[in-house]
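> Sharing a structure, written as C-alpha cells. Questions coming.
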Amino acid sequence: MKKNIAVLPGDGVGPEIIAQAQRVLEAVGKRFGHEFVFEFGLIGACAIDECGEPYPQKTHELCQKSDAVLFGAIGDPKFDNNPNAKVRPEQGLLKMRKSLGLFANLRPIAPFDCLIDKSPLKMERIKGADLMIVRELTGGLYFGEPRGRSENGTVAFDTCVYSKEEIVRVAEKAFELARLRRGAVTMVDKANVLATSRLWRETVKELQAEKYPDVELDFMFVDNAAMQLVTAPGKFDVLLTENLFGDILSDEASVITGSIGLLPSASVGKEVSLYEPIHGSYPQAKGKNIANPIATILSAAMMLEYSFGMKLEAQEIRNACQKSIEEGIVTEDLAGNAAKSYGTTEVGDYICRIIEG
Ligand code: IPM
Ligand code: MN
C-alpha cells in the first residue's frame, strides 16, 4: 500500500520524537512492503514565528489532502509566561481540531506489565486495567459562544453548548469501539447539575436502545469517576465524556501506566484522522535527546490500525515497544534507578531493529 502522511512535528521535543516515529514507519514499510510518503507542515509556536499564525492555511491543506496526520506537540514557555500574547500555540491545535472536524479523541490506557511498579498507584489496583477514553473534542466549553469579558473587565464567561448531533456522532464511536472490546460504555457527566449533561444522558440512552442494545451502558458523575479511575480503574471499558471532563480525566488516567511518555492518542472525525502522543512539548528537554519517543511511536501504530487497516503491522510496533521496555532500553523517565538510561534516538534504533527483524 502507498499512503501519504502529513507530519507536523510542532514545538519542543516534537521534532525529536516525531523523527523516531517516522523511522519506525519506514522500518514497517520495508518489512511489509508499504510505501509511506511524508510531507511536513508547521503548527504551534514555530508556525507563529515563521508565518504569524499557529495553524497556517498551508498546513490545513496539507492535512486535508493526506491519508492521515502524525502530530508531535505544541507549546512554548515564551507564550505561557506572556498572558498578553495575542496568538498562542494552543489556538493552532484547537483550530486544527475544529477545521478538520476531529470530534472524537481516543485515548487507550493500559499498563505494561513490566512497568506496573512504576505507577504511583498500588499494583493490585491497576493490574488488569484496560480502558479507552473517548473524549468529545470539538464542542463544549472549549468552543462555546459567547465567551469573554464584561465591558469593565471584572466578569468573565465561557459557554458550554452541545447539540444532539454532536453527542450522537461521538457516542457512536464509543459504542463501536466497545463492540470491539469488552462491550461496555460508561458515560461520565454532571447530570445532577448541568443541562448539557442531561441532554448527553438522554441522547446516549436513546442511541443505545435504538442501535446498540448489545452494548452495556452505565452512567457516572464526573467527580465519582475521578475517584474510581485511581481506586478501581479496572471497572472501565470505554469511558465516554465531553471535552473538558475528558481533558482532565485522561491526564489523571495516564498515571495508571507509570509514564505519560507512553500514551498515544487518535483524533478521528469526518475525514482525515490525526495521531499524537498525549504528552506536551516538554520544552526543558528540547534538543537533549532524552524525551521518550514511545508515545509517538505507539500513535503511529494507532494510525496504521485505524486509518490504514494494518493491524498486523500495528501489533508489530506494539510488540517492539514492549520488548524495548522489557529489555530496559528506555529513556530516563522509565529507567528509574537502573544504572543506565538511553537516548531518544537509541530507543528508536532498538525498536526499528526489532521490526526489521
Ligand atoms: C490536550 C491538551 C490540549 C487540550 C491543550 C494543549 C489545548 O491539554 O490535548 O489534552 O486541552 O485539549
Ligand atoms: Mn490535556
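To be explicit about the labels: the chains of the C-alpha cells are called A, B, and onward in the order shown, and within each one the residues are counted from 1, while ligands get numbers from 1 in the order they are shown.
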Identify, counting only C-alpha atoms and all ligand atoms, the protein, DNA and RNA residues located within 7 Å of ligand 2, and give them as a PyMOL selection string.

chain A and resi 247-248+251

> Using only C-alpha atoms, determine which residues lie at most 9 Å from His279 (chain A), disregarding the query and same-chain residues fewer than 2 positions distant; provide the list as a ChimeraX atom specification.

/A:73,251,260-264,276-277,281-282,295

> Selection from above, N, CA and C atoms, as an mmCIF file, in the first residue's frame, can you write it?


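File produced: result-v6.cif:
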```
data_model
loop_
_atom_site.group_PDB
_atom_site.id
_atom_site.type_symbol
_atom_site.label_atom_id
_atom_site.label_comp_id
_atom_site.auth_asym_id
_atom_site.auth_seq_id
_atom_site.Cartn_x
_atom_site.Cartn_y
_atom_site.Cartn_z
ATOM 1 N N ALA A 73 3.881 17.788 19.168
ATOM 2 C CA ALA A 73 3.375 18.513 20.340
ATOM 3 C C ALA A 73 3.505 20.005 20.071
ATOM 4 N N ASP A 251 -5.661 12.951 31.632
ATOM 5 C CA ASP A 251 -4.372 13.160 32.308
ATOM 6 C C ASP A 251 -4.331 12.356 33.608
ATOM 7 N N ILE A 260 3.553 9.205 31.388
ATOM 8 C CA ILE A 260 2.731 9.840 30.353
ATOM 9 C C ILE A 260 3.455 9.741 29.003
ATOM 10 N N GLY A 261 4.756 9.435 29.070
ATOM 11 C CA GLY A 261 5.558 9.295 27.851
ATOM 12 C C GLY A 261 5.258 8.033 27.058
ATOM 13 N N LEU A 262 4.250 7.276 27.506
ATOM 14 C CA LEU A 262 3.909 6.025 26.822
ATOM 15 C C LEU A 262 2.562 6.078 26.112
ATOM 16 N N LEU A 263 1.829 7.185 26.311
ATOM 17 C CA LEU A 263 0.430 7.138 25.884
ATOM 18 C C LEU A 263 0.149 7.778 24.539
ATOM 19 N N PRO A 264 -0.391 6.998 23.628
ATOM 20 C CA PRO A 264 -0.727 7.517 22.308
ATOM 21 C C PRO A 264 -2.174 8.010 22.281
ATOM 22 N N GLU A 276 -1.360 11.485 17.795
ATOM 23 C CA GLU A 276 -0.374 12.252 18.566
ATOM 24 C C GLU A 276 -0.185 11.646 19.948
ATOM 25 N N PRO A 277 1.014 11.864 20.536
ATOM 26 C CA PRO A 277 1.203 11.441 21.926
ATOM 27 C C PRO A 277 0.357 12.341 22.819
ATOM 28 N N SER A 281 4.864 19.449 24.918
ATOM 29 C CA SER A 281 6.091 19.710 24.151
ATOM 30 C C SER A 281 7.368 19.624 25.002
ATOM 31 N N TYR A 282 7.232 19.484 26.313
ATOM 32 C CA TYR A 282 8.348 19.225 27.232
ATOM 33 C C TYR A 282 9.560 20.087 26.869
ATOM 34 N N ALA A 295 5.395 7.081 23.135
ATOM 35 C CA ALA A 295 4.005 7.527 22.936
ATOM 36 C C ALA A 295 3.757 7.881 21.470
#
```

> Taking the backbone alone, and naming residues the way the document does, which bits of region 77-256 of chain A are helix (DSSP H, G or I) by DSSP, as a PyMOL selection string?

chain A and resi 77-80+89-99+113-118+123-126+140-142+164-180+195-211+222-231+233-235+243-256

> Quick one: residues within 7 Å of ligand 1, with only C-alpha atoms and all ligand atoms, as a count of residues only?

5

> What lies within 12 Å of Glu326 (chain A) using only C-alpha atoms, ignoring chain neighbours under 6 positions off, as a ChimeraX atom specification?

/A:112-116,319-320,334-335,351

> For those residues, write N, CA and C atoms to a file as an mmCIF file, in the first residue's frame.


```cif
data_model
loop_
_atom_site.group_PDB
_atom_site.id
_atom_site.type_symbol
_atom_site.label_atom_id
_atom_site.label_comp_id
_atom_site.auth_asym_id
_atom_site.auth_seq_id
_atom_site.Cartn_x
_atom_site.Cartn_y
_atom_site.Cartn_z
ATOM 1 N N PHE A 112 1.728 -1.467 30.975
ATOM 2 C CA PHE A 112 2.592 -2.569 30.552
ATOM 3 C C PHE A 112 2.919 -3.364 31.818
ATOM 4 N N ASP A 113 2.784 -4.681 31.747
ATOM 5 C CA ASP A 113 3.024 -5.493 32.947
ATOM 6 C C ASP A 113 4.390 -5.228 33.573
ATOM 7 N N CYS A 114 5.394 -5.072 32.690
ATOM 8 C CA CYS A 114 6.745 -4.919 33.228
ATOM 9 C C CYS A 114 6.976 -3.549 33.874
ATOM 10 N N LEU A 115 6.003 -2.645 33.729
ATOM 11 C CA LEU A 115 6.190 -1.308 34.311
ATOM 12 C C LEU A 115 5.270 -1.047 35.478
ATOM 13 N N ILE A 116 4.544 -2.096 35.862
ATOM 14 C CA ILE A 116 3.461 -1.878 36.808
ATOM 15 C C ILE A 116 3.967 -1.243 38.107
ATOM 16 N N ASN A 319 4.598 -4.724 19.838
ATOM 17 C CA ASN A 319 5.486 -5.754 20.386
ATOM 18 C C ASN A 319 6.913 -5.229 20.540
ATOM 19 N N ALA A 320 7.356 -4.474 19.523
ATOM 20 C CA ALA A 320 8.726 -3.955 19.576
ATOM 21 C C ALA A 320 8.876 -2.958 20.735
ATOM 22 N N LEU A 334 11.623 6.285 32.420
ATOM 23 C CA LEU A 334 11.292 4.904 32.787
ATOM 24 C C LEU A 334 12.459 4.172 33.441
ATOM 25 N N ALA A 335 13.667 4.704 33.277
ATOM 26 C CA ALA A 335 14.844 3.967 33.746
ATOM 27 C C ALA A 335 14.874 3.890 35.273
ATOM 28 N N ILE A 351 13.975 -0.141 18.516
ATOM 29 C CA ILE A 351 12.636 -0.532 18.039
ATOM 30 C C ILE A 351 12.661 -0.806 16.532
#
```

> Residues at most 9 Å from Thr231 (chain A), counting only C-alpha atoms, excluding those fewer than 4 positions away in the same chain, as a PyMOL selection string?

chain A and resi 121-122+125-126+227
